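A.B. asks: So here's entry17.cif, just mmCIF, C-alpha atoms and all ligand atoms:
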```cif
data_upload
#
loop_
_atom_site.group_PDB
_atom_site.id
_atom_site.type_symbol
_atom_site.label_atom_id
_atom_site.label_comp_id
_atom_site.auth_asym_id
_atom_site.auth_seq_id
_atom_site.Cartn_x
_atom_site.Cartn_y
_atom_site.Cartn_z
ATOM 1 C CA MET A 1 -168.322 -45.121 220.412
ATOM 2 C CA VAL A 2 -169.657 -42.477 218.040
ATOM 3 C CA ARG A 3 -170.298 -40.258 221.022
ATOM 4 C CA GLY A 4 -166.642 -40.763 222.075
ATOM 5 C CA HIS A 5 -165.455 -39.706 218.654
ATOM 6 C CA VAL A 6 -167.666 -36.626 218.726
ATOM 7 C CA PHE A 7 -166.220 -35.754 222.142
ATOM 8 C CA ILE A 8 -162.637 -36.137 220.921
ATOM 9 C CA PHE A 9 -163.416 -34.153 217.783
ATOM 10 C CA THR A 10 -165.019 -31.380 219.848
ATOM 11 C CA CYS A 11 -162.000 -31.241 222.187
ATOM 12 C CA ALA A 12 -159.643 -31.102 219.211
ATOM 13 C CA LEU A 13 -161.700 -28.306 217.656
ATOM 14 C CA ILE A 14 -161.721 -26.306 220.888
ATOM 15 C CA PHE A 15 -157.948 -26.811 221.231
ATOM 16 C CA PHE A 16 -157.388 -25.745 217.617
ATOM 17 C CA LEU A 17 -159.549 -22.649 218.029
ATOM 18 C CA SER A 18 -157.851 -21.705 221.308
ATOM 19 C CA VAL A 19 -154.417 -22.051 219.689
ATOM 20 C CA GLN A 20 -155.658 -19.868 216.839
ATOM 21 C CA THR A 21 -156.956 -17.311 219.333
ATOM 22 C CA SER A 22 -153.825 -17.256 221.480
ATOM 23 C CA ALA A 23 -151.668 -16.795 218.388
ATOM 24 C CA GLN A 24 -153.681 -13.685 217.660
ATOM 25 C CA GLU A 25 -153.826 -12.527 221.236
ATOM 26 C CA PHE A 26 -150.597 -10.649 221.155
ATOM 27 C CA PRO A 27 -150.156 -8.762 217.934
ATOM 28 C CA ILE A 28 -146.574 -7.584 217.995
ATOM 29 C CA PHE A 29 -144.998 -4.206 217.482
ATOM 30 C CA ASP A 30 -141.497 -5.273 216.430
ATOM 31 C CA ALA A 31 -139.176 -2.546 217.670
ATOM 32 C CA HIS A 32 -136.046 -3.801 215.943
ATOM 33 C CA VAL A 33 -136.161 -4.511 212.221
ATOM 34 C CA HIS A 34 -133.441 -3.839 209.644
ATOM 35 C CA TYR A 35 -133.887 -4.181 205.900
ATOM 36 C CA ASN A 36 -130.271 -3.857 204.827
ATOM 37 C CA GLN A 37 -128.960 -3.929 201.261
ATOM 38 C CA PRO A 38 -128.025 -7.666 201.228
ATOM 39 C CA ASP A 39 -131.682 -8.470 202.081
ATOM 40 C CA TRP A 40 -133.163 -6.684 199.076
ATOM 41 C CA SER A 41 -132.384 -9.335 196.452
ATOM 42 C CA VAL A 42 -133.608 -12.170 198.710
ATOM 43 C CA TYR A 43 -136.788 -10.620 200.135
ATOM 44 C CA THR A 44 -138.877 -8.077 198.246
ATOM 45 C CA PRO A 45 -140.806 -5.538 200.335
ATOM 46 C CA ASP A 46 -143.953 -7.582 199.601
ATOM 47 C CA ALA A 47 -142.238 -10.737 200.883
ATOM 48 C CA ILE A 48 -141.231 -8.905 204.064
ATOM 49 C CA LEU A 49 -144.805 -7.735 204.658
ATOM 50 C CA LYS A 50 -146.047 -11.307 204.133
ATOM 51 C CA LEU A 51 -143.577 -12.423 206.813
ATOM 52 C CA PHE A 52 -145.023 -9.727 209.073
ATOM 53 C CA ASP A 53 -148.497 -11.213 208.480
ATOM 54 C CA ARG A 54 -147.336 -14.739 209.260
ATOM 55 C CA ALA A 55 -145.517 -13.595 212.408
ATOM 56 C CA GLY A 56 -148.412 -11.428 213.608
ATOM 57 C CA VAL A 57 -146.359 -8.236 213.406
ATOM 58 C CA ILE A 58 -148.726 -5.286 213.121
ATOM 59 C CA ARG A 59 -146.113 -2.502 213.081
ATOM 60 C CA ALA A 60 -142.341 -2.316 213.111
ATOM 61 C CA MET A 61 -139.598 0.187 213.690
ATOM 62 C CA VAL A 62 -137.322 -0.191 210.676
ATOM 63 C CA SER A 63 -133.853 1.120 209.947
ATOM 64 C CA SER A 64 -131.370 0.041 207.328
ATOM 65 C CA THR A 65 -127.970 0.566 205.780
ATOM 66 C CA PRO A 66 -128.375 2.400 203.500
ATOM 67 C CA ASP A 67 -131.622 4.135 204.428
ATOM 68 C CA ASP A 68 -133.204 3.284 201.030
ATOM 69 C CA GLY A 69 -134.244 -0.115 202.429
ATOM 70 C CA THR A 70 -136.375 1.568 205.065
ATOM 71 C CA ILE A 71 -137.948 3.820 202.424
ATOM 72 C CA LYS A 72 -138.754 0.849 200.145
ATOM 73 C CA LEU A 73 -140.696 -0.799 202.968
ATOM 74 C CA TYR A 74 -142.276 2.440 204.140
ATOM 75 C CA GLU A 75 -143.603 3.206 200.657
ATOM 76 C CA LYS A 76 -145.281 -0.212 200.574
ATOM 77 C CA SER A 77 -146.940 0.259 203.943
ATOM 78 C CA PRO A 78 -146.749 3.705 205.560
ATOM 79 C CA THR A 79 -149.121 2.652 208.348
ATOM 80 C CA ARG A 80 -147.146 -0.407 209.324
ATOM 81 C CA ILE A 81 -143.570 0.772 208.939
ATOM 82 C CA VAL A 82 -142.169 3.254 211.450
ATOM 83 C CA PRO A 83 -139.050 4.669 209.792
ATOM 84 C CA ILE A 84 -135.992 5.200 211.970
ATOM 85 C CA LEU A 85 -133.121 6.979 210.269
ATOM 86 C CA ARG A 86 -129.927 4.992 210.425
ATOM 87 C CA PRO A 87 -127.021 7.437 210.241
ATOM 88 C CA TYR A 88 -124.851 5.031 208.234
ATOM 89 C CA ARG A 89 -124.687 5.820 204.520
ATOM 90 C CA THR A 90 -122.511 2.699 204.183
ATOM 91 C CA ASP A 91 -121.230 0.155 206.708
ATOM 92 C CA ALA A 92 -118.005 2.175 206.872
ATOM 93 C CA ASP A 93 -119.820 4.904 208.845
ATOM 94 C CA ARG A 94 -120.484 2.494 211.685
ATOM 95 C CA GLY A 95 -117.074 2.878 213.284
ATOM 96 C CA SER A 96 -116.480 6.559 212.561
ATOM 97 C CA TRP A 97 -119.819 8.393 212.690
ATOM 98 C CA THR A 98 -119.384 9.916 216.150
ATOM 99 C CA LYS A 99 -116.486 12.006 214.843
ATOM 100 C CA ASP A 100 -117.704 12.645 211.281
ATOM 101 C CA SER A 101 -119.506 15.966 210.928
ATOM 102 C CA SER A 102 -120.740 15.002 207.445
ATOM 103 C CA VAL A 103 -122.919 12.347 209.148
ATOM 104 C CA LEU A 104 -124.658 15.056 211.152
ATOM 105 C CA THR A 105 -125.273 17.057 207.978
ATOM 106 C CA TYR A 106 -126.611 13.943 206.226
ATOM 107 C CA VAL A 107 -129.002 13.157 209.093
ATOM 108 C CA GLU A 108 -130.172 16.755 209.395
ATOM 109 C CA GLU A 109 -130.980 16.873 205.652
ATOM 110 C CA ARG A 110 -132.624 13.474 205.567
ATOM 111 C CA LEU A 111 -134.858 14.230 208.563
ATOM 112 C CA LYS A 112 -136.474 16.975 206.471
ATOM 113 C CA LYS A 113 -138.520 14.229 204.804
ATOM 114 C CA GLY A 114 -140.533 14.416 208.023
ATOM 115 C CA ILE A 115 -141.323 10.690 208.152
ATOM 116 C CA TYR A 116 -138.810 9.477 210.740
ATOM 117 C CA ARG A 117 -139.660 8.750 214.367
ATOM 118 C CA GLY A 118 -136.084 8.329 215.470
ATOM 119 C CA ILE A 119 -132.368 8.325 214.680
ATOM 120 C CA GLY A 120 -130.605 4.951 214.886
ATOM 121 C CA GLU A 121 -129.968 2.252 215.530
ATOM 122 C CA PHE A 122 -126.429 3.545 216.009
ATOM 123 C CA HIS A 123 -123.502 1.874 217.741
ATOM 124 C CA MET A 124 -121.589 3.834 220.306
ATOM 125 C CA SER A 125 -119.151 3.119 223.112
ATOM 126 C CA ALA A 126 -119.079 4.805 226.493
ATOM 127 C CA GLY A 127 -116.760 7.797 226.230
ATOM 128 C CA GLN A 128 -117.898 8.674 222.687
ATOM 129 C CA THR A 129 -120.920 10.712 223.685
ATOM 130 C CA SER A 130 -119.349 14.134 224.033
ATOM 131 C CA THR A 131 -118.622 14.699 220.344
ATOM 132 C CA PRO A 132 -120.452 17.462 218.414
ATOM 133 C CA VAL A 133 -122.124 14.791 216.236
ATOM 134 C CA VAL A 134 -123.672 12.969 219.213
ATOM 135 C CA ARG A 135 -124.691 16.260 220.808
ATOM 136 C CA GLY A 136 -126.113 17.294 217.442
ATOM 137 C CA PHE A 137 -128.233 14.117 217.325
ATOM 138 C CA VAL A 138 -129.547 14.879 220.808
ATOM 139 C CA GLN A 139 -130.610 18.391 219.829
ATOM 140 C CA LEU A 140 -132.153 17.212 216.530
ATOM 141 C CA ALA A 141 -134.138 14.541 218.363
ATOM 142 C CA ILE A 142 -135.468 17.005 220.938
ATOM 143 C CA ARG A 143 -136.306 19.634 218.314
ATOM 144 C CA ARG A 144 -138.206 17.131 216.177
ATOM 145 C CA GLY A 145 -139.767 15.182 219.045
ATOM 146 C CA ILE A 146 -138.206 11.888 217.933
ATOM 147 C CA LEU A 147 -136.112 9.319 219.772
ATOM 148 C CA LEU A 148 -132.493 8.204 219.717
ATOM 149 C CA TYR A 149 -132.016 4.463 219.242
ATOM 150 C CA ALA A 150 -128.711 3.481 220.789
ATOM 151 C CA HIS A 151 -126.751 0.240 220.802
ATOM 152 C CA THR A 152 -124.361 0.810 223.667
ATOM 153 C CA ASP A 153 -123.601 -0.455 227.132
ATOM 154 C CA TYR A 154 -124.914 0.661 230.496
ATOM 155 C CA THR A 155 -122.400 3.502 230.870
ATOM 156 C CA GLY A 156 -122.871 4.701 227.281
ATOM 157 C CA VAL A 157 -126.648 4.930 227.544
ATOM 158 C CA GLU A 158 -126.463 6.852 230.792
ATOM 159 C CA GLU A 159 -123.945 9.285 229.292
ATOM 160 C CA LEU A 160 -126.349 9.843 226.409
ATOM 161 C CA LEU A 161 -129.311 10.411 228.710
ATOM 162 C CA ARG A 162 -127.306 12.893 230.767
ATOM 163 C CA LEU A 163 -126.552 15.069 227.757
ATOM 164 C CA ASP A 164 -130.087 16.416 228.023
ATOM 165 C CA PRO A 165 -132.906 15.220 230.298
ATOM 166 C CA LYS A 166 -135.419 15.918 227.526
ATOM 167 C CA VAL A 167 -133.999 13.379 225.074
ATOM 168 C CA GLN A 168 -136.005 10.197 224.516
ATOM 169 C CA VAL A 169 -133.741 7.141 224.262
ATOM 170 C CA LEU A 170 -134.518 3.594 223.183
ATOM 171 C CA TRP A 171 -131.792 1.250 224.385
ATOM 172 C CA ALA A 172 -131.157 -1.625 221.953
ATOM 173 C CA HIS A 173 -130.793 -5.155 223.348
ATOM 174 C CA ALA A 174 -131.051 -3.790 226.911
ATOM 175 C CA GLY A 175 -127.320 -3.168 226.542
ATOM 176 C CA MET A 176 -126.689 -6.786 225.445
ATOM 177 C CA SER A 177 -125.380 -7.933 228.821
ATOM 178 C CA ALA A 178 -126.702 -5.513 231.462
ATOM 179 C CA ARG A 179 -128.232 -7.247 234.479
ATOM 180 C CA PRO A 180 -131.898 -6.735 235.401
ATOM 181 C CA GLU A 181 -130.974 -4.907 238.645
ATOM 182 C CA THR A 182 -128.810 -2.470 236.703
ATOM 183 C CA ILE A 183 -131.483 -1.907 234.058
ATOM 184 C CA GLY A 184 -134.021 -1.291 236.825
ATOM 185 C CA GLN A 185 -131.808 1.355 238.407
ATOM 186 C CA LEU A 186 -131.385 3.125 235.069
ATOM 187 C CA LEU A 187 -135.153 3.090 234.473
ATOM 188 C CA ASP A 188 -135.695 4.507 237.957
ATOM 189 C CA ARG A 189 -133.269 7.342 237.280
ATOM 190 C CA HIS A 190 -134.276 8.222 233.712
ATOM 191 C CA ALA A 191 -137.923 8.706 232.818
ATOM 192 C CA MET A 192 -137.076 9.159 229.114
ATOM 193 C CA LEU A 193 -135.462 5.726 228.750
ATOM 194 C CA SER A 194 -137.157 2.729 227.091
ATOM 195 C CA VAL A 195 -135.568 -0.676 226.660
ATOM 196 C CA GLU A 196 -135.669 -3.024 223.672
ATOM 197 C CA LEU A 197 -135.087 -6.747 224.197
ATOM 198 C CA SER A 198 -133.885 -8.314 220.929
ATOM 199 C CA ILE A 199 -131.111 -10.903 220.563
ATOM 200 C CA ARG A 200 -130.586 -11.684 224.218
ATOM 201 C CA ASP A 201 -132.695 -14.472 225.699
ATOM 202 C CA ASP A 202 -131.425 -14.575 229.270
ATOM 203 C CA PHE A 203 -134.753 -13.114 230.438
ATOM 204 C CA ALA A 204 -136.481 -16.310 229.302
ATOM 205 C CA PRO A 205 -133.972 -19.176 229.348
ATOM 206 C CA ARG A 206 -135.507 -22.288 227.751
ATOM 207 C CA GLY A 207 -138.625 -20.213 227.085
ATOM 208 C CA ARG A 208 -139.504 -19.594 230.752
ATOM 209 C CA LEU A 209 -139.330 -16.155 232.324
ATOM 210 C CA ASP A 210 -136.486 -15.575 234.766
ATOM 211 C CA PRO A 211 -137.906 -14.326 238.116
ATOM 212 C CA ALA A 212 -135.670 -11.230 238.323
ATOM 213 C CA TRP A 213 -136.669 -10.202 234.807
ATOM 214 C CA ARG A 214 -140.328 -10.898 235.494
ATOM 215 C CA ASP A 215 -140.182 -8.543 238.501
ATOM 216 C CA LEU A 216 -138.511 -5.922 236.338
ATOM 217 C CA PHE A 217 -141.162 -6.255 233.581
ATOM 218 C CA LEU A 218 -143.902 -5.865 236.195
ATOM 219 C CA ARG A 219 -142.246 -2.905 237.932
ATOM 220 C CA HIS A 220 -141.564 -1.063 234.664
ATOM 221 C CA SER A 221 -144.248 -2.529 232.441
ATOM 222 C CA ASP A 222 -144.477 0.665 230.342
ATOM 223 C CA ARG A 223 -140.801 0.725 229.403
ATOM 224 C CA PHE A 224 -139.996 -2.522 227.540
ATOM 225 C CA LEU A 225 -140.397 -3.360 223.849
ATOM 226 C CA VAL A 226 -139.775 -6.611 221.978
ATOM 227 C CA GLY A 227 -137.776 -6.759 218.759
ATOM 228 C CA SER A 228 -136.400 -9.353 216.351
ATOM 229 C CA ASP A 229 -133.263 -7.579 215.030
ATOM 230 C CA THR A 230 -132.945 -8.748 211.428
ATOM 231 C CA TRP A 231 -129.349 -7.545 211.329
ATOM 232 C CA THR A 232 -128.339 -10.198 208.792
ATOM 233 C CA THR A 233 -130.368 -11.791 205.994
ATOM 234 C CA SER A 234 -130.521 -15.223 207.643
ATOM 235 C CA ARG A 235 -132.489 -13.724 210.547
ATOM 236 C CA TRP A 236 -135.486 -13.378 208.189
ATOM 237 C CA GLU A 237 -135.587 -17.187 207.820
ATOM 238 C CA ASN A 238 -136.485 -17.431 211.508
ATOM 239 C CA PHE A 239 -138.673 -14.344 211.691
ATOM 240 C CA VAL A 240 -141.899 -16.252 212.459
ATOM 241 C CA GLU A 241 -140.209 -18.462 215.068
ATOM 242 C CA ILE A 242 -138.640 -15.456 216.795
ATOM 243 C CA HIS A 243 -142.102 -13.977 217.351
ATOM 244 C CA ALA A 244 -143.568 -17.306 218.420
ATOM 245 C CA ALA A 245 -140.837 -17.429 221.086
ATOM 246 C CA PHE A 246 -141.883 -13.966 222.363
ATOM 247 C CA ARG A 247 -145.465 -15.130 222.734
ATOM 248 C CA ALA A 248 -144.365 -18.193 224.703
ATOM 249 C CA TRP A 249 -143.008 -16.100 227.579
ATOM 250 C CA LEU A 250 -145.455 -13.208 227.141
ATOM 251 C CA ASN A 251 -148.168 -15.738 227.963
ATOM 252 C CA GLU A 252 -146.637 -16.107 231.429
ATOM 253 C CA LEU A 253 -147.482 -12.469 232.204
ATOM 254 C CA SER A 254 -150.898 -11.010 232.851
ATOM 255 C CA ARG A 255 -152.702 -10.057 229.671
ATOM 256 C CA GLU A 256 -152.416 -6.373 230.542
ATOM 257 C CA VAL A 257 -148.631 -6.468 230.970
ATOM 258 C CA ALA A 258 -148.109 -8.808 228.006
ATOM 259 C CA GLU A 259 -150.019 -6.471 225.684
ATOM 260 C CA LYS A 260 -147.892 -3.550 226.800
ATOM 261 C CA LEU A 261 -144.635 -5.351 226.020
ATOM 262 C CA ALA A 262 -145.987 -6.906 222.825
ATOM 263 C CA SER A 263 -147.312 -3.760 221.191
ATOM 264 C CA LYS A 264 -148.766 -0.983 223.312
ATOM 265 C CA ASN A 265 -145.456 0.413 224.582
ATOM 266 C CA GLY A 266 -144.141 0.635 221.027
ATOM 267 C CA SER A 267 -147.261 2.346 219.733
ATOM 268 C CA ARG A 268 -147.195 4.842 222.558
ATOM 269 C CA LEU A 269 -143.506 5.583 222.066
ATOM 270 C CA VAL A 270 -143.792 6.460 218.358
ATOM 271 C CA GLY A 271 -147.424 7.606 218.195
ATOM 272 C CA ARG A 272 -150.019 6.808 215.579
ATOM 273 C CA PRO A 273 -149.129 6.113 211.953
HETATM 274 ZN ZN ZN B 1 -129.908 -3.742 215.169
#
```
Output the structure of this file as structure tokens.

C.D. replies:
Amino acid sequence: MVRGHVFIFTCALIFFLSVQTSAQEFPIFDAHVHYNQPDWSVYTPDAILKLFDRAGVIRAMVSSTPDDGTIKLYEKSPTRIVPILRPYRTDADRGSWTKDSSVLTYVEERLKKGIYRGIGEFHMSAGQTSTPVVRGFVQLAIRRGILLYAHTDYTGVEELLRLDPKVQVLWAHAGMSARPETIGQLLDRHAMLSVELSIRDDFAPRGRLDPAWRDLFLRHSDRFLVGSDTWTTSRWENFVEIHAAFRAWLNELSREVAEKLASKNGSRLVGRP
């Protein structure tokens, strides 16, 4: 009887330790964090970093409206926060930035801080890419060796990539609704494109990987990044669960591929701290 209890205890201990280990197996580079003004009074920068600890987030690409949110976090942890410069001084810029030359001036000035690894996340429709502001972003990104982080559809992202083959583009939400076949074709055509997966969960319905997406992740294992997208304050309440959900389907991939999607692709894209 005692022996039986010891056996059960040992099994429970092994299970507990293996759960602990698997939770640490995939440290996550979160490629899509915002720390917008409404968040500041609810979550201090220290509280955000504690959430990172709990969620197993080792580094994160952060942008915010206004940019001061990103700077607050960056000052707390320059090694963990990868600043991305959001071009919106206020939410009002979101709908008009592509035609507003003062946005280009603002971004050009702000980039002189030398800390940013990208410009974005910005929202853009197909057909808006030929403006001097968008072209200006492309040239700034190339000159500074940083990326453009675009929330746009399939056509919009390809227009952006075609402006200059040297521009590095990170595509937010994989275009929200683009199909895996379409995303695969874009990745085949454009070596400078990487794809971020936040918000949508069609690649792992009910937590299990969809076969077409699995094939795509295997075929382009160097090109996908996971992200939470804390676009509104309530998203922080579920921050830990969002990352637990990533690990559930990452565990279906080989360790090598899972590590790439979880963190290595992000680290490679933005370089060392
Ligand atoms: Zn976003």

A.B. asks: Would you write out, as a PyMOL selection string, every residue that the PyMOL selection byres (((chain A and resi 93) around 12) and not hetatm) captures in this file?

C.D. replies: chain A and resi 65-66+86-92+94-104+106+122-124

A.B. asks: Atoms to include: C-alpha atoms. Write the selected residues as a compact mmCIF listing (two decimals), in the coordinates of the input.

C.D. replies:
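Once written, part34.txt looks like this:
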```txt
# COMPACT_ATOMS: atom_id res chain seq x y z
CA THR A 65 -127.97 0.57 205.78
CA PRO A 66 -128.38 2.40 203.50
CA ARG A 86 -129.93 4.99 210.42
CA PRO A 87 -127.02 7.44 210.24
CA TYR A 88 -124.85 5.03 208.23
CA ARG A 89 -124.69 5.82 204.52
CA THR A 90 -122.51 2.70 204.18
CA ASP A 91 -121.23 0.16 206.71
CA ALA A 92 -118.00 2.17 206.87
CA ARG A 94 -120.48 2.49 211.68
CA GLY A 95 -117.07 2.88 213.28
CA SER A 96 -116.48 6.56 212.56
CA TRP A 97 -119.82 8.39 212.69
CA THR A 98 -119.38 9.92 216.15
CA LYS A 99 -116.49 12.01 214.84
CA ASP A 100 -117.70 12.64 211.28
CA SER A 101 -119.51 15.97 210.93
CA SER A 102 -120.74 15.00 207.44
CA VAL A 103 -122.92 12.35 209.15
CA LEU A 104 -124.66 15.06 211.15
CA TYR A 106 -126.61 13.94 206.23
CA PHE A 122 -126.43 3.54 216.01
CA HIS A 123 -123.50 1.87 217.74
CA MET A 124 -121.59 3.83 220.31
```

A.B. asks: List all protein, DNA and RNA residues that have any atom at most 9 Å from ligand ZN 1 (chain B), counting all atoms listed in the file, and write the list as an MDAnalysis selection string.

C.D. replies: chainID A and resid 32:34 63:64 120:123 151 172:173 198 228:231

A.B. asks: Just checking: using only C-alpha atoms, which residue out of A:Ala174, A:Leu209, A:Val134, A:Ile28 ends up closest to Gly56 (chain A)?

C.D. replies: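 Closest residue, counting only C-alpha atoms: A:Ile28.
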
A.B. asks: Between CA of Arg219 (chain A) and CA of Gln185 (chain A), what distance in Å does the model show, to one decimal?

C.D. replies: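 Atom-to-atom, CA of Arg219 (chain A) and CA of Gln185 (chain A) are spaced 11.3 Å apart.
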
A.B. asks: So what do you get for CA of Leu85 (chain A) versus CA of Thr182 (chain A), distance-wise?

C.D. replies: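 Atom-to-atom, CA of Leu85 (chain A) to CA of Thr182 (chain A), that is 28.4 Å.
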
A.B. asks: Need the shell around region 234-243 of chain A: protein/DNA/RNA residues with any atom at most 10 Å away, counting all atoms listed in the file. Skip same-chain ones fewer than 3 positions apart. Format as a CSV table (one decimal) with C-alpha atoms, in the coordinates of the input?

C.D. replies:
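Final output, saved to around-v2.csv:
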```csv
chain,number,residue,atom,x,y,z
A,26,PHE,CA,-150.6,-10.6,221.2
A,27,PRO,CA,-150.2,-8.8,217.9
A,28,ILE,CA,-146.6,-7.6,218.0
A,30,ASP,CA,-141.5,-5.3,216.4
A,33,VAL,CA,-136.2,-4.5,212.2
A,34,HIS,CA,-133.4,-3.8,209.6
A,35,TYR,CA,-133.9,-4.2,205.9
A,39,ASP,CA,-131.7,-8.5,202.1
A,42,VAL,CA,-133.6,-12.2,198.7
A,43,TYR,CA,-136.8,-10.6,200.1
A,48,ILE,CA,-141.2,-8.9,204.1
A,51,LEU,CA,-143.6,-12.4,206.8
A,52,PHE,CA,-145.0,-9.7,209.1
A,53,ASP,CA,-148.5,-11.2,208.5
A,54,ARG,CA,-147.3,-14.7,209.3
A,55,ALA,CA,-145.5,-13.6,212.4
A,56,GLY,CA,-148.4,-11.4,213.6
A,57,VAL,CA,-146.4,-8.2,213.4
A,198,SER,CA,-133.9,-8.3,220.9
A,199,ILE,CA,-131.1,-10.9,220.6
A,226,VAL,CA,-139.8,-6.6,222.0
A,227,GLY,CA,-137.8,-6.8,218.8
A,228,SER,CA,-136.4,-9.4,216.4
A,229,ASP,CA,-133.3,-7.6,215.0
A,230,THR,CA,-132.9,-8.7,211.4
A,231,TRP,CA,-129.3,-7.5,211.3
A,246,PHE,CA,-141.9,-14.0,222.4
A,247,ARG,CA,-145.5,-15.1,222.7
A,248,ALA,CA,-144.4,-18.2,224.7
A,262,ALA,CA,-146.0,-6.9,222.8
```

A.B. asks: Go through A:Val195, A:Leu160, A:Val107, A:Leu225 one by one, measure the shortest atom-to-atom distance of each to Met176 (chain A) using all atoms listed in the file, and give the residue with the smallest value.

C.D. replies: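 The shortest atom-to-atom distance to Met176 (chain A) comes from A:Val195.
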
A.B. asks: Using the chain letters and numbers from the file, give me the residues hit by the PyMOL selection byres (((chain A and resi 77-80) around 12) and not hetatm), as a PyMOL selection string.

C.D. replies: chain A and resi 28-31+45-46+48-50+52-53+56-62+70-76+81-83+115-116+267+270-273

A.B. asks: Ranking A:Gly136, A:Pro38, A:Gly175, A:Gly118 by minimum distance to Glu158 (chain A) and counting only C-alpha atoms, which one comes first?

C.D. replies: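 Checking each candidate against Glu158 (chain A), we get A:Gly175 as the closest.
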
A.B. asks: Name every residue that the PyMOL selection byres (((chain A and resi 207) around 9) and not hetatm) selects in this structure, writing the answer as an NGL selection string with chains first and numbers rising.

C.D. replies: :A and (201 or 203-206 or 208-209 or 245-246 or 248-249)

A.B. asks: Can you tell me, as a PyMOL selection string, what residues are no more than 7 Å from Lys260 (chain A) when counting only C-alpha atoms, ignoring any on the same chain fewer than 5 positions away?

C.D. replies: chain A and resi 221-222+265

A.B. asks: Would you compute the box with edges along x, y and z of the file around region 30-36 of chain A, including every atom the file lists for it and 3 Å extra on each side, and give its centre and edge lengths in Å to one decimal, as AutoDock Vina command-line options?

C.D. replies:
```
--center_x -135.9 --center_y -3.9 --center_z 211.2 --size_x 17.2 --size_y 8.7 --size_z 18.8
```

A.B. asks: Pick the closest to Tyr149 (chain A) from A:Gly114, A:Leu269, A:Thr232, A:Leu218: which is it, counting all atoms listed in the file?

C.D. replies: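 Ranking A:Gly114, A:Leu269, A:Thr232, A:Leu218 by distance to Tyr149 (chain A), first place goes to A:Leu269.
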
A.B. asks: Quick check, in Å to one decimal: how far apart do CA of Ser125 (chain A) and CA of Gly156 (chain A) lie?

C.D. replies: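 Straight-line distance from CA of Ser125 (chain A) to CA of Gly156 (chain A) works out to 5.8 Å.
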
A.B. asks: Rank nothing, just name the residue among A:Arg135, A:Arg223, A:Arg143, A:Lys113 nearest to Leu187 (chain A), using all atoms listed in the file.

C.D. replies: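 With all atoms listed in the file as the atom set, the closest residue is A:Arg223.
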
A.B. asks: Near Leu140 (chain A), within 9 Å and counting all atoms listed in the file, which residues show up once chain neighbours fewer than 6 positions away are dropped, as a PyMOL selection string?

C.D. replies: chain A and resi 108+111+146
